[in-house]
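So the structure is just underneath, and the comments pick up after that.
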Amino acid sequence: MLRLNRITDYAVVVLTQMANEPDKRVTAPQLSEESNVPAPTVAKVLKALAREGVLASQRGVNGGYRLARPAGDISMLEVIRALEGPISLTACVDGAEGDCNVELLCPVRGNWDRVNTAIRSALADVSLEDMAIPTMFGVPFRAAEGAAGVHLAGEAR
């Protein structure tokens, strides 16, 4: 099973919270309270994301963190890479050599690159802005529009 670390999951929670108020500078304690993610975890996530250029940080009395770019310009690929490193399903991808005992005999050697490219492309196509959109029953929900054309009780048609 392909699974992200819990810290990456928490990072997306924190980032979507920030995406809802993109011009607001926030501190780790503020984000912890707003997102219900433990403060030490929020601090760790913020530092890692700032180091990788996803967030901008400012020190001092009015210091804090904010998104370095608009949420629509920050991809899930970038966020995952910032916290997990390069995305690869197997050790024999992207020109890596020497990590496999049957590397020279493997009939699919090199074909995993196609799978990795597809996964990276899919993650690159999902932005932080997309992740910040609330969903209802797995369908993006925007209060002003209703869910995917579904009219809500009391909503004008």
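Note on naming: chains are A, B, ... as they come in the structure tokens, residues start from 1 per chain, ligands start from 1 in the order shown.
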Q: DSSP on the backbone, then: every residue of range 6-95 of chain A marked strand (DSSP E), written as a VMD selection string.
A: chain A and resid 55 to 58 64 to 67
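Closest to Gly72 in chain A among A:Leu128, A:Leu105, A:Val12, A:Leu123 is A:Leu128, based on only C-alpha atoms.
Counting from CA of Leu83 in chain A, the distance to CA of Asn101 in chain A is 28.9 Å.
Between Leu77 in chain A and the candidates A:Asn62, A:Ser127, A:Gln17, A:Ser35, the tightest atom-to-atom separation, counting only C-alpha atoms, involves A:Ser127.
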Q | Of the listed residues A:Thr90, A:Asn36, A:Thr16, A:Asn111, that which approaches Arg66 in chain A most closely, counting only C-alpha atoms | A | A:Thr16
Excluding same-chain residues fewer than 4 positions from Val79 in chain A, what lies within 10 Å of it counting only C-alpha atoms, as a PDB file with all heavy atoms, in the first residue's frame?
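Final file, result_22.pdb:
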ATOM      1  N   THR A   8       2.850  14.421   6.800  1.00  0.00           N
ATOM      2  CA  THR A   8       2.415  14.988   5.523  1.00  0.00           C
ATOM      3  C   THR A   8       0.917  15.249   5.543  1.00  0.00           C
ATOM      4  O   THR A   8       0.443  16.284   5.059  1.00  0.00           O
ATOM      5  CB  THR A   8       2.802  14.062   4.362  1.00  0.00           C
ATOM      6  OG1 THR A   8       4.215  13.844   4.409  1.00  0.00           O
ATOM      7  CG2 THR A   8       2.418  14.649   3.027  1.00  0.00           C
ATOM      8  N   ALA A  11       0.407  18.270   7.483  1.00  0.00           N
ATOM      9  CA  ALA A  11       0.845  19.439   6.715  1.00  0.00           C
ATOM     10  C   ALA A  11      -0.265  19.913   5.786  1.00  0.00           C
ATOM     11  O   ALA A  11      -0.505  21.124   5.660  1.00  0.00           O
ATOM     12  CB  ALA A  11       2.099  19.105   5.910  1.00  0.00           C
ATOM     13  N   VAL A  12      -0.947  18.994   5.145  1.00  0.00           N
ATOM     14  CA  VAL A  12      -2.037  19.371   4.244  1.00  0.00           C
ATOM     15  C   VAL A  12      -3.180  20.008   5.033  1.00  0.00           C
ATOM     16  O   VAL A  12      -3.764  21.002   4.593  1.00  0.00           O
ATOM     17  CB  VAL A  12      -2.512  18.163   3.414  1.00  0.00           C
ATOM     18  CG1 VAL A  12      -3.747  18.514   2.581  1.00  0.00           C
ATOM     19  CG2 VAL A  12      -1.388  17.669   2.511  1.00  0.00           C
ATOM     20  N   LEU A  15      -1.910  23.503   5.841  1.00  0.00           N
ATOM     21  CA  LEU A  15      -1.851  24.327   4.639  1.00  0.00           C
ATOM     22  C   LEU A  15      -3.239  24.718   4.141  1.00  0.00           C
ATOM     23  O   LEU A  15      -3.443  25.849   3.685  1.00  0.00           O
ATOM     24  CB  LEU A  15      -1.086  23.608   3.531  1.00  0.00           C
ATOM     25  CG  LEU A  15       0.422  23.554   3.710  1.00  0.00           C
ATOM     26  CD1 LEU A  15       1.039  22.578   2.705  1.00  0.00           C
ATOM     27  CD2 LEU A  15       1.033  24.933   3.574  1.00  0.00           C
ATOM     28  N   ALA A  48       9.717  22.925   7.876  1.00  0.00           N
ATOM     29  CA  ALA A  48      10.060  22.139   6.686  1.00  0.00           C
ATOM     30  C   ALA A  48       9.498  22.776   5.420  1.00  0.00           C
ATOM     31  O   ALA A  48      10.187  22.864   4.396  1.00  0.00           O
ATOM     32  CB  ALA A  48       9.544  20.707   6.831  1.00  0.00           C
ATOM     33  N   LEU A  49       8.273  23.239   5.483  1.00  0.00           N
ATOM     34  CA  LEU A  49       7.646  23.850   4.313  1.00  0.00           C
ATOM     35  C   LEU A  49       8.281  25.203   3.973  1.00  0.00           C
ATOM     36  O   LEU A  49       8.397  25.556   2.798  1.00  0.00           O
ATOM     37  CB  LEU A  49       6.142  23.987   4.524  1.00  0.00           C
ATOM     38  CG  LEU A  49       5.380  22.663   4.578  1.00  0.00           C
ATOM     39  CD1 LEU A  49       3.947  22.886   5.036  1.00  0.00           C
ATOM     40  CD2 LEU A  49       5.422  21.949   3.241  1.00  0.00           C
ATOM     41  N   GLU A  52      11.579  24.605   2.169  1.00  0.00           N
ATOM     42  CA  GLU A  52      11.402  24.182   0.779  1.00  0.00           C
ATOM     43  C   GLU A  52      10.701  25.228  -0.089  1.00  0.00           C
ATOM     44  O   GLU A  52      10.416  24.973  -1.253  1.00  0.00           O
ATOM     45  CB  GLU A  52      10.627  22.860   0.735  1.00  0.00           C
ATOM     46  CG  GLU A  52      11.374  21.710   1.370  1.00  0.00           C
ATOM     47  CD  GLU A  52      12.685  21.391   0.669  1.00  0.00           C
ATOM     48  OE1 GLU A  52      12.738  21.440  -0.579  1.00  0.00           O
ATOM     49  OE2 GLU A  52      13.678  21.093   1.370  1.00  0.00           O
ATOM     50  N   GLY A  53      10.387  26.399   0.488  1.00  0.00           N
ATOM     51  CA  GLY A  53       9.816  27.484  -0.299  1.00  0.00           C
ATOM     52  C   GLY A  53       8.315  27.446  -0.495  1.00  0.00           C
ATOM     53  O   GLY A  53       7.771  28.236  -1.265  1.00  0.00           O
ATOM     54  N   VAL A  54       7.633  26.553   0.202  1.00  0.00           N
ATOM     55  CA  VAL A  54       6.173  26.512   0.129  1.00  0.00           C
ATOM     56  C   VAL A  54       5.586  27.649   0.963  1.00  0.00           C
ATOM     57  O   VAL A  54       4.586  28.261   0.590  1.00  0.00           O
ATOM     58  CB  VAL A  54       5.627  25.145   0.603  1.00  0.00           C
ATOM     59  CG1 VAL A  54       4.110  25.125   0.629  1.00  0.00           C
ATOM     60  CG2 VAL A  54       6.166  24.024  -0.285  1.00  0.00           C
ATOM     61  N   ILE A  74       0.505  26.086  -5.694  1.00  0.00           N
ATOM     62  CA  ILE A  74       1.219  25.120  -4.852  1.00  0.00           C
ATOM     63  C   ILE A  74       0.586  23.751  -5.073  1.00  0.00           C
ATOM     64  O   ILE A  74      -0.588  23.543  -4.775  1.00  0.00           O
ATOM     65  CB  ILE A  74       1.152  25.513  -3.360  1.00  0.00           C
ATOM     66  CG1 ILE A  74       1.787  26.892  -3.142  1.00  0.00           C
ATOM     67  CG2 ILE A  74       1.808  24.449  -2.489  1.00  0.00           C
ATOM     68  CD1 ILE A  74       1.580  27.465  -1.758  1.00  0.00           C
ATOM     69  N   SER A  75       1.358  22.824  -5.628  1.00  0.00           N
ATOM     70  CA  SER A  75       0.813  21.496  -5.932  1.00  0.00           C
ATOM     71  C   SER A  75       1.025  20.526  -4.776  1.00  0.00           C
ATOM     72  O   SER A  75       1.922  20.700  -3.949  1.00  0.00           O
ATOM     73  CB  SER A  75       1.468  20.928  -7.195  1.00  0.00           C
ATOM     74  OG  SER A  75       2.798  20.537  -6.921  1.00  0.00           O
ATOM     75  N   LEU A  83       8.133  17.213   2.302  1.00  0.00           N
ATOM     76  CA  LEU A  83       8.105  16.486   3.570  1.00  0.00           C
ATOM     77  C   LEU A  83       8.592  15.043   3.466  1.00  0.00           C
ATOM     78  O   LEU A  83       9.080  14.483   4.438  1.00  0.00           O
ATOM     79  CB  LEU A  83       6.691  16.519   4.150  1.00  0.00           C
ATOM     80  CG  LEU A  83       6.252  17.934   4.518  1.00  0.00           C
ATOM     81  CD1 LEU A  83       4.761  18.030   4.610  1.00  0.00           C
ATOM     82  CD2 LEU A  83       6.914  18.376   5.802  1.00  0.00           C
ATOM     83  N   GLU A  84       8.451  14.443   2.298  1.00  0.00           N
ATOM     84  CA  GLU A  84       8.775  13.023   2.150  1.00  0.00           C
ATOM     85  C   GLU A  84       9.982  12.764   1.262  1.00  0.00           C
ATOM     86  O   GLU A  84      10.488  11.658   1.226  1.00  0.00           O
ATOM     87  CB  GLU A  84       7.567  12.273   1.565  1.00  0.00           C
ATOM     88  CG  GLU A  84       6.282  12.513   2.293  1.00  0.00           C
ATOM     89  CD  GLU A  84       5.739  11.281   2.963  1.00  0.00           C
ATOM     90  OE1 GLU A  84       6.337  10.207   2.834  1.00  0.00           O
ATOM     91  OE2 GLU A  84       4.725  11.421   3.639  1.00  0.00           O
ATOM     92  N   GLY A  85      10.375  13.762   0.489  1.00  0.00           N
ATOM     93  CA  GLY A  85      11.450  13.561  -0.470  1.00  0.00           C
ATOM     94  C   GLY A  85      10.899  13.103  -1.794  1.00  0.00           C
ATOM     95  O   GLY A  85       9.687  13.137  -2.024  1.00  0.00           O
ATOM     96  N   LEU A 123      -0.380  14.146  -8.960  1.00  0.00           N
ATOM     97  CA  LEU A 123      -0.177  14.990  -7.781  1.00  0.00           C
ATOM     98  C   LEU A 123       0.098  16.441  -8.160  1.00  0.00           C
ATOM     99  O   LEU A 123      -0.328  17.366  -7.464  1.00  0.00           O
ATOM    100  CB  LEU A 123       0.968  14.442  -6.929  1.00  0.00           C
ATOM    101  CG  LEU A 123       0.691  13.124  -6.215  1.00  0.00           C
ATOM    102  CD1 LEU A 123       1.974  12.571  -5.598  1.00  0.00           C
ATOM    103  CD2 LEU A 123      -0.399  13.295  -5.172  1.00  0.00           C
ATOM    104  N   ALA A 124       0.775  16.644  -9.271  1.00  0.00           N
ATOM    105  CA  ALA A 124       1.060  18.008  -9.741  1.00  0.00           C
ATOM    106  C   ALA A 124      -0.223  18.706 -10.197  1.00  0.00           C
ATOM    107  O   ALA A 124      -0.311  19.935 -10.143  1.00  0.00           O
ATOM    108  CB  ALA A 124       2.082  17.976 -10.871  1.00  0.00           C
ATOM    109  N   SER A 127      -3.927  21.101  -6.716  1.00  0.00           N
ATOM    110  CA  SER A 127      -3.320  22.222  -6.007  1.00  0.00           C
ATOM    111  C   SER A 127      -3.802  22.290  -4.563  1.00  0.00           C
ATOM    112  O   SER A 127      -4.796  21.654  -4.190  1.00  0.00           O
ATOM    113  CB  SER A 127      -3.663  23.541  -6.712  1.00  0.00           C
ATOM    114  OG  SER A 127      -5.031  23.859  -6.519  1.00  0.00           O
ATOM    115  N   LEU A 128      -3.110  23.087  -3.796  1.00  0.00           N
ATOM    116  CA  LEU A 128      -3.533  23.355  -2.426  1.00  0.00           C
ATOM    117  C   LEU A 128      -4.915  24.006  -2.436  1.00  0.00           C
ATOM    118  O   LEU A 128      -5.760  23.704  -1.591  1.00  0.00           O
ATOM    119  CB  LEU A 128      -2.506  24.252  -1.725  1.00  0.00           C
ATOM    120  CG  LEU A 128      -2.849  24.710  -0.323  1.00  0.00           C
ATOM    121  CD1 LEU A 128      -3.098  23.535   0.605  1.00  0.00           C
ATOM    122  CD2 LEU A 128      -1.739  25.596   0.218  1.00  0.00           C
TER     123      LEU A 128
END
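Atom pair CA of Ser57 in chain A / CA of Gln30 in chain A has a distance of 14.5 Å (rounded to one decimal).
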(Q) as JSON, numbers by chain, please: every residue in range 25-109 of chain A that DSSP puts in helix (DSSP H, G or I). (A) {"A": [28, 29, 30, 31, 32, 33, 34, 35, 39, 40, 41, 42, 43, 44, 45, 46, 47, 48, 49, 50, 51, 71, 72, 73, 76, 77, 78, 79, 80, 81, 82, 83, 84, 103, 104, 105]}
Q: Can you pull out every residue within 9 Å of Val14 in chain A, counting only C-alpha atoms, but drop anything in the same chain fewer than 6 positions away, and send it as a PyMOL selection string?
A: chain A and resi 31-32+34-35+37+42+45-46
Output C-alpha atoms for every residue in the selection just made, as a compact mmCIF listing (two decimals), in the first residue's frame.
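Saved result, again_21.txt, follows:
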# COMPACT_ATOMS: atom_id res chain seq x y z
CA LEU A 31 -2.49 27.13 13.53
CA SER A 32 -2.39 24.40 16.14
CA GLU A 34 -7.34 26.36 14.54
CA SER A 35 -6.48 22.98 13.02
CA VAL A 37 -2.93 19.53 15.12
CA VAL A 42 2.71 22.25 13.40
CA VAL A 45 5.73 21.17 9.44
CA LEU A 46 5.99 24.95 9.11
Q. Looking at A:Tyr10, A:Lys24, A:Arg120, A:Val108, which one is nearest to Ala43 in chain A, with distances taken over only C-alpha atoms?
A. A:Tyr10
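Put simply, CA of Pro38 in chain A is 15.2 Å away from CA of Val26 in chain A.
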